[in-house]
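Text of upload-v5.cif (mmCIF, C-alpha atoms and all ligand atoms) as supplied:
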```
data_model
loop_
_atom_site.group_PDB
_atom_site.id
_atom_site.type_symbol
_atom_site.label_atom_id
_atom_site.label_comp_id
_atom_site.auth_asym_id
_atom_site.auth_seq_id
_atom_site.Cartn_x
_atom_site.Cartn_y
_atom_site.Cartn_z
ATOM 1 C CA MET O 1 3.284 14.333 -35.596
ATOM 2 C CA GLY O 2 0.878 13.361 -38.389
ATOM 3 C CA ASN O 3 -1.876 11.130 -37.072
ATOM 4 C CA ILE O 4 -0.018 9.915 -33.986
ATOM 5 C CA LEU O 5 -2.117 10.703 -30.910
ATOM 6 C CA LEU O 6 -0.635 12.172 -27.740
ATOM 7 C CA ALA O 7 -1.451 10.236 -24.588
ATOM 8 C CA GLU O 8 -3.621 12.283 -22.209
ATOM 9 C CA THR O 9 -2.178 10.674 -19.100
ATOM 10 C CA ARG O 10 1.504 10.979 -18.233
ATOM 11 C CA TYR O 11 3.890 9.438 -15.796
ATOM 12 C CA ASP O 12 7.054 11.533 -15.401
ATOM 13 C CA GLY O 13 8.891 9.048 -13.198
ATOM 14 C CA ARG O 14 7.443 10.576 -10.017
ATOM 15 C CA HIS O 15 3.819 11.593 -10.552
ATOM 16 C CA LEU O 16 0.836 10.764 -12.701
ATOM 17 C CA THR O 17 -0.788 13.729 -14.415
ATOM 18 C CA GLY O 18 -3.770 14.186 -16.697
ATOM 19 C CA THR O 19 -7.480 14.774 -16.420
ATOM 20 C CA ASP O 20 -8.243 11.089 -15.835
ATOM 21 C CA VAL O 21 -5.957 10.732 -12.810
ATOM 22 C CA GLU O 22 -7.777 10.157 -9.510
ATOM 23 C CA ARG O 23 -6.240 11.194 -6.206
ATOM 24 C CA SER O 24 -6.986 9.905 -2.729
ATOM 25 C CA VAL O 25 -5.586 10.820 0.668
ATOM 26 C CA LYS O 26 -5.637 8.722 3.839
ATOM 27 C CA THR O 27 -5.263 10.604 7.090
ATOM 28 C CA LEU O 28 -4.775 9.034 10.496
ATOM 29 C CA LYS O 29 -8.469 9.378 11.373
ATOM 30 C CA ASP O 30 -9.368 7.157 8.385
ATOM 31 C CA ILE O 31 -7.091 4.284 9.429
ATOM 32 C CA ARG O 32 -6.254 4.718 13.123
ATOM 33 C CA SER O 33 -7.431 1.203 13.978
ATOM 34 C CA ILE O 34 -4.836 -0.509 11.755
ATOM 35 C CA PHE O 35 -2.030 0.524 14.115
ATOM 36 C CA SER O 36 -1.346 -1.655 17.133
ATOM 37 C CA ASP O 37 -0.516 1.027 19.687
ATOM 38 C CA SER O 38 -3.882 2.752 20.066
ATOM 39 C CA GLU O 39 -2.655 5.022 22.862
ATOM 40 C CA ALA O 40 0.176 6.359 20.648
ATOM 41 C CA GLY O 41 -2.358 6.752 17.814
ATOM 42 C CA ARG O 42 -4.631 8.927 19.954
ATOM 43 C CA LYS O 43 -1.747 11.339 20.602
ATOM 44 C CA LEU O 44 -1.253 12.118 16.897
ATOM 45 C CA PRO O 45 -3.488 14.594 15.019
ATOM 46 C CA ASP O 46 -6.560 13.328 13.137
ATOM 47 C CA GLU O 47 -5.420 15.145 9.991
ATOM 48 C CA GLN O 48 -1.931 13.632 9.906
ATOM 49 C CA VAL O 49 -1.530 12.464 6.311
ATOM 50 C CA ILE O 50 -0.323 8.862 6.198
ATOM 51 C CA TYR O 51 -0.475 8.138 2.458
ATOM 52 C CA GLU O 52 -1.724 9.383 -0.886
ATOM 53 C CA VAL O 53 -2.509 7.506 -4.078
ATOM 54 C CA GLU O 54 -2.632 8.734 -7.675
ATOM 55 C CA SER O 55 -4.381 6.263 -9.932
ATOM 56 C CA TYR O 56 -5.228 5.838 -13.570
ATOM 57 C CA LEU O 57 -8.258 3.597 -14.020
ATOM 58 C CA PRO O 58 -8.873 3.659 -17.790
ATOM 59 C CA VAL O 59 -11.649 1.047 -17.768
ATOM 60 C CA PRO O 60 -14.563 0.458 -15.362
ATOM 61 C CA SER O 61 -13.692 -1.456 -12.218
ATOM 62 C CA GLY O 62 -14.445 -5.142 -12.815
ATOM 63 C CA THR O 63 -13.434 -5.168 -16.504
ATOM 64 C CA LEU O 64 -12.069 -8.599 -17.348
ATOM 65 C CA GLY O 65 -8.657 -8.207 -19.016
ATOM 66 C CA GLY O 66 -8.267 -4.517 -18.049
ATOM 67 C CA LEU O 67 -5.333 -3.094 -16.103
ATOM 68 C CA PHE O 68 -5.086 -0.343 -13.478
ATOM 69 C CA PHE O 69 -2.003 1.728 -12.659
ATOM 70 C CA GLY O 70 -1.236 3.711 -9.494
ATOM 71 C CA ILE O 71 1.474 5.497 -7.545
ATOM 72 C CA THR O 72 1.396 5.454 -3.735
ATOM 73 C CA PHE O 73 3.229 7.983 -1.540
ATOM 74 C CA ILE O 74 3.636 7.052 2.130
ATOM 75 C CA HIS O 75 4.816 9.807 4.438
ATOM 76 C CA PRO O 76 7.568 9.099 6.968
ATOM 77 C CA GLY O 77 6.601 8.572 10.594
ATOM 78 C CA ARG O 78 5.474 6.053 13.181
ATOM 79 C CA VAL O 79 2.533 5.391 15.451
ATOM 80 C CA GLY O 80 4.444 4.344 18.563
ATOM 81 C CA ASP O 81 7.082 2.007 17.127
ATOM 82 C CA GLU O 82 5.035 0.957 14.096
ATOM 83 C CA TYR O 83 5.893 2.590 10.794
ATOM 84 C CA PHE O 84 3.306 4.555 8.797
ATOM 85 C CA MET O 85 1.756 2.066 6.381
ATOM 86 C CA THR O 86 -1.124 1.397 4.036
ATOM 87 C CA ARG O 87 -4.383 -0.218 5.117
ATOM 88 C CA GLY O 88 -3.545 -3.409 3.196
ATOM 89 C CA HIS O 89 -5.855 -5.787 1.376
ATOM 90 C CA PHE O 90 -6.445 -9.126 -0.257
ATOM 91 C CA HIS O 91 -7.918 -8.855 -3.724
ATOM 92 C CA GLN O 92 -11.640 -9.628 -3.861
ATOM 93 C CA ILE O 93 -10.989 -12.117 -6.656
ATOM 94 C CA GLN O 94 -8.357 -14.287 -5.039
ATOM 95 C CA ASP O 95 -6.498 -15.371 -8.172
ATOM 96 C CA ARG O 96 -5.398 -11.865 -9.152
ATOM 97 C CA ALA O 97 -1.695 -10.953 -8.844
ATOM 98 C CA GLU O 98 -0.063 -7.507 -8.909
ATOM 99 C CA TYR O 99 3.287 -5.777 -9.550
ATOM 100 C CA TYR O 100 4.859 -3.140 -7.300
ATOM 101 C CA TRP O 101 8.092 -1.281 -7.986
ATOM 102 C CA CYS O 102 9.796 1.169 -5.696
ATOM 103 C CA ILE O 103 10.422 4.666 -7.059
ATOM 104 C CA ALA O 104 11.879 6.575 -4.083
ATOM 105 C CA GLY O 105 12.594 6.151 -0.397
ATOM 106 C CA GLU O 106 12.955 3.098 1.788
ATOM 107 C CA GLY O 107 10.319 0.692 2.896
ATOM 108 C CA ALA O 108 9.011 -2.797 3.244
ATOM 109 C CA LEU O 109 6.309 -4.759 1.498
ATOM 110 C CA LEU O 110 4.439 -6.976 3.956
ATOM 111 C CA LEU O 111 2.907 -10.054 2.381
ATOM 112 C CA MET O 112 0.542 -12.521 4.045
ATOM 113 C CA ASP O 113 -0.759 -15.753 2.549
ATOM 114 C CA GLN O 114 -4.063 -17.530 3.192
ATOM 115 C CA GLN O 115 -2.545 -19.450 6.129
ATOM 116 C CA ARG O 116 -1.565 -16.094 7.718
ATOM 117 C CA ASN O 117 2.177 -16.594 7.144
ATOM 118 C CA THR O 118 3.623 -13.076 6.903
ATOM 119 C CA TRP O 119 6.941 -12.070 5.375
ATOM 120 C CA THR O 120 8.539 -8.886 4.014
ATOM 121 C CA GLU O 121 10.476 -7.688 1.011
ATOM 122 C CA LYS O 122 12.753 -4.666 1.258
ATOM 123 C CA MET O 123 11.736 -1.752 -0.986
ATOM 124 C CA TYR O 124 14.402 0.591 -2.393
ATOM 125 C CA PRO O 125 14.544 2.626 -5.603
ATOM 126 C CA GLY O 126 14.391 0.121 -8.452
ATOM 127 C CA SER O 127 13.187 -2.887 -6.435
ATOM 128 C CA LEU O 128 10.514 -4.894 -8.245
ATOM 129 C CA HIS O 129 7.922 -6.977 -6.388
ATOM 130 C CA TYR O 130 5.593 -9.615 -7.740
ATOM 131 C CA ILE O 131 2.632 -10.081 -5.402
ATOM 132 C CA PRO O 132 1.276 -13.564 -6.051
ATOM 133 C CA ALA O 133 -2.450 -14.232 -6.290
ATOM 134 C CA GLY O 134 -4.186 -14.804 -2.959
ATOM 135 C CA VAL O 135 -1.561 -12.896 -0.958
ATOM 136 C CA ALA O 136 -2.492 -9.812 1.101
ATOM 137 C CA HIS O 137 -0.217 -6.801 0.677
ATOM 138 C CA ARG O 138 0.601 -3.737 2.750
ATOM 139 C CA THR O 139 3.532 -1.312 2.497
ATOM 140 C CA ALA O 140 5.361 0.540 5.262
ATOM 141 C CA ASN O 141 7.722 3.508 5.094
ATOM 142 C CA THR O 142 10.864 2.694 7.101
ATOM 143 C CA GLY O 143 12.876 5.714 5.944
ATOM 144 C CA SER O 144 13.050 9.420 6.720
ATOM 145 C CA GLY O 145 11.657 10.680 3.390
ATOM 146 C CA VAL O 146 8.532 9.831 1.387
ATOM 147 C CA LEU O 147 8.325 6.240 0.130
ATOM 148 C CA SER O 148 6.796 6.073 -3.329
ATOM 149 C CA PHE O 149 6.061 3.042 -5.430
ATOM 150 C CA GLY O 150 4.147 2.118 -8.538
ATOM 151 C CA ALA O 151 1.536 -0.603 -8.880
ATOM 152 C CA CYS O 152 -0.142 -2.367 -11.776
ATOM 153 C CA TRP O 153 -3.058 -4.727 -11.169
ATOM 154 C CA PRO O 154 -6.000 -6.314 -12.982
ATOM 155 C CA ALA O 155 -9.073 -4.101 -13.251
ATOM 156 C CA ASP O 156 -11.318 -6.875 -11.950
ATOM 157 C CA ALA O 157 -9.168 -7.724 -8.888
ATOM 158 C CA GLY O 158 -11.256 -5.683 -6.432
ATOM 159 C CA TYR O 159 -10.391 -5.110 -2.763
ATOM 160 C CA ASP O 160 -11.167 -7.122 0.330
ATOM 161 C CA TYR O 161 -10.320 -4.642 3.086
ATOM 162 C CA GLU O 162 -12.772 -6.105 5.597
ATOM 163 C CA ARG O 163 -10.745 -9.239 6.219
ATOM 164 C CA ILE O 164 -7.667 -7.154 7.097
ATOM 165 C CA ASP O 165 -9.755 -4.745 9.202
ATOM 166 C CA ARG O 166 -11.131 -7.759 11.094
ATOM 167 C CA GLU O 167 -8.080 -9.994 11.432
ATOM 168 C CA GLY O 168 -5.091 -7.727 10.642
ATOM 169 C CA PHE O 169 -1.794 -9.146 9.436
ATOM 170 C CA SER O 170 -0.296 -11.770 11.742
ATOM 171 C CA LYS O 171 2.874 -9.660 12.110
ATOM 172 C CA ILE O 172 3.650 -5.952 12.363
ATOM 173 C CA LEU O 173 6.718 -3.959 11.348
ATOM 174 C CA VAL O 174 8.254 -1.927 14.164
ATOM 175 C CA ARG O 175 11.415 0.031 14.804
ATOM 176 C CA LYS O 176 13.509 -1.914 17.316
ATOM 177 C CA GLU O 177 16.913 -0.530 18.293
ATOM 178 C CA GLY O 178 16.738 1.598 15.142
ATOM 179 C CA ILE O 179 16.094 -1.359 12.812
ATOM 180 C CA PRO O 180 12.858 -2.339 11.020
ATOM 181 C CA THR O 181 11.834 -5.612 12.647
ATOM 182 C CA LEU O 182 8.919 -7.921 11.943
ATOM 183 C CA ILE O 183 7.285 -9.118 15.170
ATOM 184 C CA ASP O 184 4.116 -11.014 16.088
ATOM 185 C CA ARG O 185 1.131 -8.707 16.315
ATOM 186 C CA PRO O 186 0.389 -8.077 19.986
ATOM 187 C CA THR O 187 -3.029 -9.384 21.035
ATOM 188 C CA ARG O 188 -5.371 -6.495 21.854
HETATM 189 C C1 LIG R 201 -4.094 -1.716 -5.546
HETATM 190 C C2 LIG R 201 -2.665 -1.505 -5.085
HETATM 191 C C3 LIG R 201 -2.272 -0.118 -4.532
HETATM 192 C C4 LIG R 201 -2.950 0.199 -3.168
HETATM 193 C C5 LIG R 201 -2.332 1.434 -2.481
HETATM 194 C C6 LIG R 201 -2.995 1.777 -1.163
HETATM 195 O O1 LIG R 201 -4.361 -3.068 -5.796
HETATM 196 O O2 LIG R 201 -2.315 -2.539 -4.173
HETATM 197 O O3 LIG R 201 -2.535 0.889 -5.450
HETATM 198 O O4 LIG R 201 -4.335 0.376 -3.334
HETATM 199 O O5 LIG R 201 -0.972 1.189 -2.248
HETATM 200 O O6 LIG R 201 -3.104 0.676 -0.316
HETATM 201 P P1 LIG R 201 -4.535 0.193 0.219
HETATM 202 O O7 LIG R 201 -4.267 -1.067 0.971
HETATM 203 O O8 LIG R 201 -5.093 1.306 1.040
HETATM 204 O O9 LIG R 201 -5.383 -0.042 -1.009
HETATM 205 ZN ZN ZN R 202 -3.647 -4.790 -4.497
#
```
Full structure transcribed into structure tokens:
Amino acid sequence: MGNILLAETRYDGRHLTGTDVERSVKTLKDIRSIFSDSEAGRKLPDEQVIYEVESYLPVPSGTLGGLFFGITFIHPGRVGDEYFMTRGHFHQIQDRAEYYWCIAGEGALLLMDQQRNTWTEKMYPGSLHYIPAGVAHRTANTGSGVLSFGACWPADAGYDYERIDREGFSKILVRKEGIPTLIDRPTR
């Protein structure tokens, strides 16, 4: 191949591989409080895996102009009626947008703006989602297999998880008569 370099990191359409790929796993004990039905949550095992992330972060976090890339895998299941989902976050720097695209499975992207208006976009293989700046994002698996999706976001976006931990999303996604339905978050 002459002087053409081979990329160290690969994406085969399903997984990221290479020495620079970081992996993280969220089990129920890490994120129990994000689910509305705490009694149902207590009945499930601490070590239940909810989601996993493979990420490629080629520049230091905070690099202006850099880009990060990640694949998220959410396992199927529910806590009570609420689908397994990610913790969800605003970006620390509010004017940073992001792309998601669905690779496999069925799900929903929950989006919430600064005024706490929440809406969803259906995720299915091939669906592409532009998450505007200043909008919180969380994904839920509404299907019976693993939901996986890719993400690309600015390296200086950062994460504001605390605001979601404190205030939650204004709506939750639950299974109602077999159908994913967005309802007001019950007051605790
Ligand atoms: C990062 C991007 C995703 C999420 C991942 C897990 O900006 O939105 O890679 O980090 O889906 O979700 P969370 O809310 O736990 O970071
Ligand atoms: Zn994000």
Report as a PDB file with C-alpha atoms, in the coordinates of the input the residues that result from applying the PyMOL selection byres (((chain O and resi 138-152) around 6) and not hetatm) to the structure here.
```
ATOM      1  CA  PHE O  68      -5.086  -0.343 -13.478  1.00  0.00           C
ATOM      2  CA  PHE O  69      -2.003   1.728 -12.659  1.00  0.00           C
ATOM      3  CA  GLY O  70      -1.236   3.711  -9.494  1.00  0.00           C
ATOM      4  CA  ILE O  71       1.474   5.497  -7.545  1.00  0.00           C
ATOM      5  CA  THR O  72       1.396   5.454  -3.735  1.00  0.00           C
ATOM      6  CA  PHE O  73       3.229   7.983  -1.540  1.00  0.00           C
ATOM      7  CA  ILE O  74       3.636   7.052   2.130  1.00  0.00           C
ATOM      8  CA  HIS O  75       4.816   9.807   4.438  1.00  0.00           C
ATOM      9  CA  PRO O  76       7.568   9.099   6.968  1.00  0.00           C
ATOM     10  CA  TYR O  83       5.893   2.590  10.794  1.00  0.00           C
ATOM     11  CA  PHE O  84       3.306   4.555   8.797  1.00  0.00           C
ATOM     12  CA  MET O  85       1.756   2.066   6.381  1.00  0.00           C
ATOM     13  CA  THR O  86      -1.124   1.397   4.036  1.00  0.00           C
ATOM     14  CA  GLY O  88      -3.545  -3.409   3.196  1.00  0.00           C
ATOM     15  CA  GLU O  98      -0.063  -7.507  -8.909  1.00  0.00           C
ATOM     16  CA  TYR O  99       3.287  -5.777  -9.550  1.00  0.00           C
ATOM     17  CA  TYR O 100       4.859  -3.140  -7.300  1.00  0.00           C
ATOM     18  CA  TRP O 101       8.092  -1.281  -7.986  1.00  0.00           C
ATOM     19  CA  CYS O 102       9.796   1.169  -5.696  1.00  0.00           C
ATOM     20  CA  ILE O 103      10.422   4.666  -7.059  1.00  0.00           C
ATOM     21  CA  ALA O 104      11.879   6.575  -4.083  1.00  0.00           C
ATOM     22  CA  GLY O 105      12.594   6.151  -0.397  1.00  0.00           C
ATOM     23  CA  GLU O 106      12.955   3.098   1.788  1.00  0.00           C
ATOM     24  CA  GLY O 107      10.319   0.692   2.896  1.00  0.00           C
ATOM     25  CA  ALA O 108       9.011  -2.797   3.244  1.00  0.00           C
ATOM     26  CA  LEU O 109       6.309  -4.759   1.498  1.00  0.00           C
ATOM     27  CA  LEU O 110       4.439  -6.976   3.956  1.00  0.00           C
ATOM     28  CA  HIS O 137      -0.217  -6.801   0.677  1.00  0.00           C
ATOM     29  CA  TRP O 153      -3.058  -4.727 -11.169  1.00  0.00           C
TER      30      TRP O 153
END
```
Discussion item. Please list as a list in words every residue within 9 Å of Asp184 (chain O), counting all atoms listed in the file and excluding residues in the same chain fewer than 5 positions away.
Written reply: Ser170, Lys171, Ile172 and Leu173 of chain O
Quiz item: By how many Å are CA of Ala40 (chain O) and CA of Leu28 (chain O) apart?
Solution: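 CA of Ala40 (chain O) sits 11.6 Å away from CA of Leu28 (chain O).
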ask   = Interatomic distance between atom P1 of ligand LIG 201 (chain R) and CA of Glu22 (chain O)?
value =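 CA of Glu22 (chain O) lies 14.3 Å from atom P1 of ligand LIG 201 (chain R).
Closest approach to ligand ZN 202 (chain R) from the set O:Tyr56, O:Tyr130, O:Tyr124, O:Tyr11 is made by O:Tyr130, with distances taken over only C-alpha atoms and all ligand atoms.
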* For atom C5 of ligand LIG 201 (chain R) and CA of Glu54 (chain O), quote the distance in Å rounded to one decimal. =>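 Atom-to-atom, atom C5 of ligand LIG 201 (chain R) and CA of Glu54 (chain O) are spaced 9.0 Å apart.
Considering only C-alpha atoms and all ligand atoms, the residue among O:Ile164, O:Ile183, O:Leu16, O:Val135 positioned nearest to ligand ZN 202 (chain R) is O:Val135.
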Answer key for the PyMOL selection byres (((chain O and resi 59) around 12) and not hetatm), residues as a PDB file with C-alpha atoms, keeping the file's coordinate frame:
```
ATOM      1  CA  ASP O  20      -8.243  11.089 -15.835  1.00  0.00           C
ATOM      2  CA  SER O  55      -4.381   6.263  -9.932  1.00  0.00           C
ATOM      3  CA  TYR O  56      -5.228   5.838 -13.570  1.00  0.00           C
ATOM      4  CA  LEU O  57      -8.258   3.597 -14.020  1.00  0.00           C
ATOM      5  CA  PRO O  58      -8.873   3.659 -17.790  1.00  0.00           C
ATOM      6  CA  PRO O  60     -14.563   0.458 -15.362  1.00  0.00           C
ATOM      7  CA  SER O  61     -13.692  -1.456 -12.218  1.00  0.00           C
ATOM      8  CA  GLY O  62     -14.445  -5.142 -12.815  1.00  0.00           C
ATOM      9  CA  THR O  63     -13.434  -5.168 -16.504  1.00  0.00           C
ATOM     10  CA  LEU O  64     -12.069  -8.599 -17.348  1.00  0.00           C
ATOM     11  CA  GLY O  65      -8.657  -8.207 -19.016  1.00  0.00           C
ATOM     12  CA  GLY O  66      -8.267  -4.517 -18.049  1.00  0.00           C
ATOM     13  CA  LEU O  67      -5.333  -3.094 -16.103  1.00  0.00           C
ATOM     14  CA  PHE O  68      -5.086  -0.343 -13.478  1.00  0.00           C
ATOM     15  CA  PHE O  69      -2.003   1.728 -12.659  1.00  0.00           C
ATOM     16  CA  PRO O 154      -6.000  -6.314 -12.982  1.00  0.00           C
ATOM     17  CA  ALA O 155      -9.073  -4.101 -13.251  1.00  0.00           C
ATOM     18  CA  ASP O 156     -11.318  -6.875 -11.950  1.00  0.00           C
TER      19      ASP O 156
END
```
- Task: Tell me which of O:Gly134, O:Lys43, O:Asp12, O:Gly126 sits closest to His91 (chain O), counting all atoms listed in the file.
- Result: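 Smallest distance to His91 (chain O) is found for O:Gly134.
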Counting only C-alpha atoms, the residue among O:His129, O:Tyr161, O:Asn3, O:Lys122 that lies closest to Ile31 (chain O) is O:Tyr161
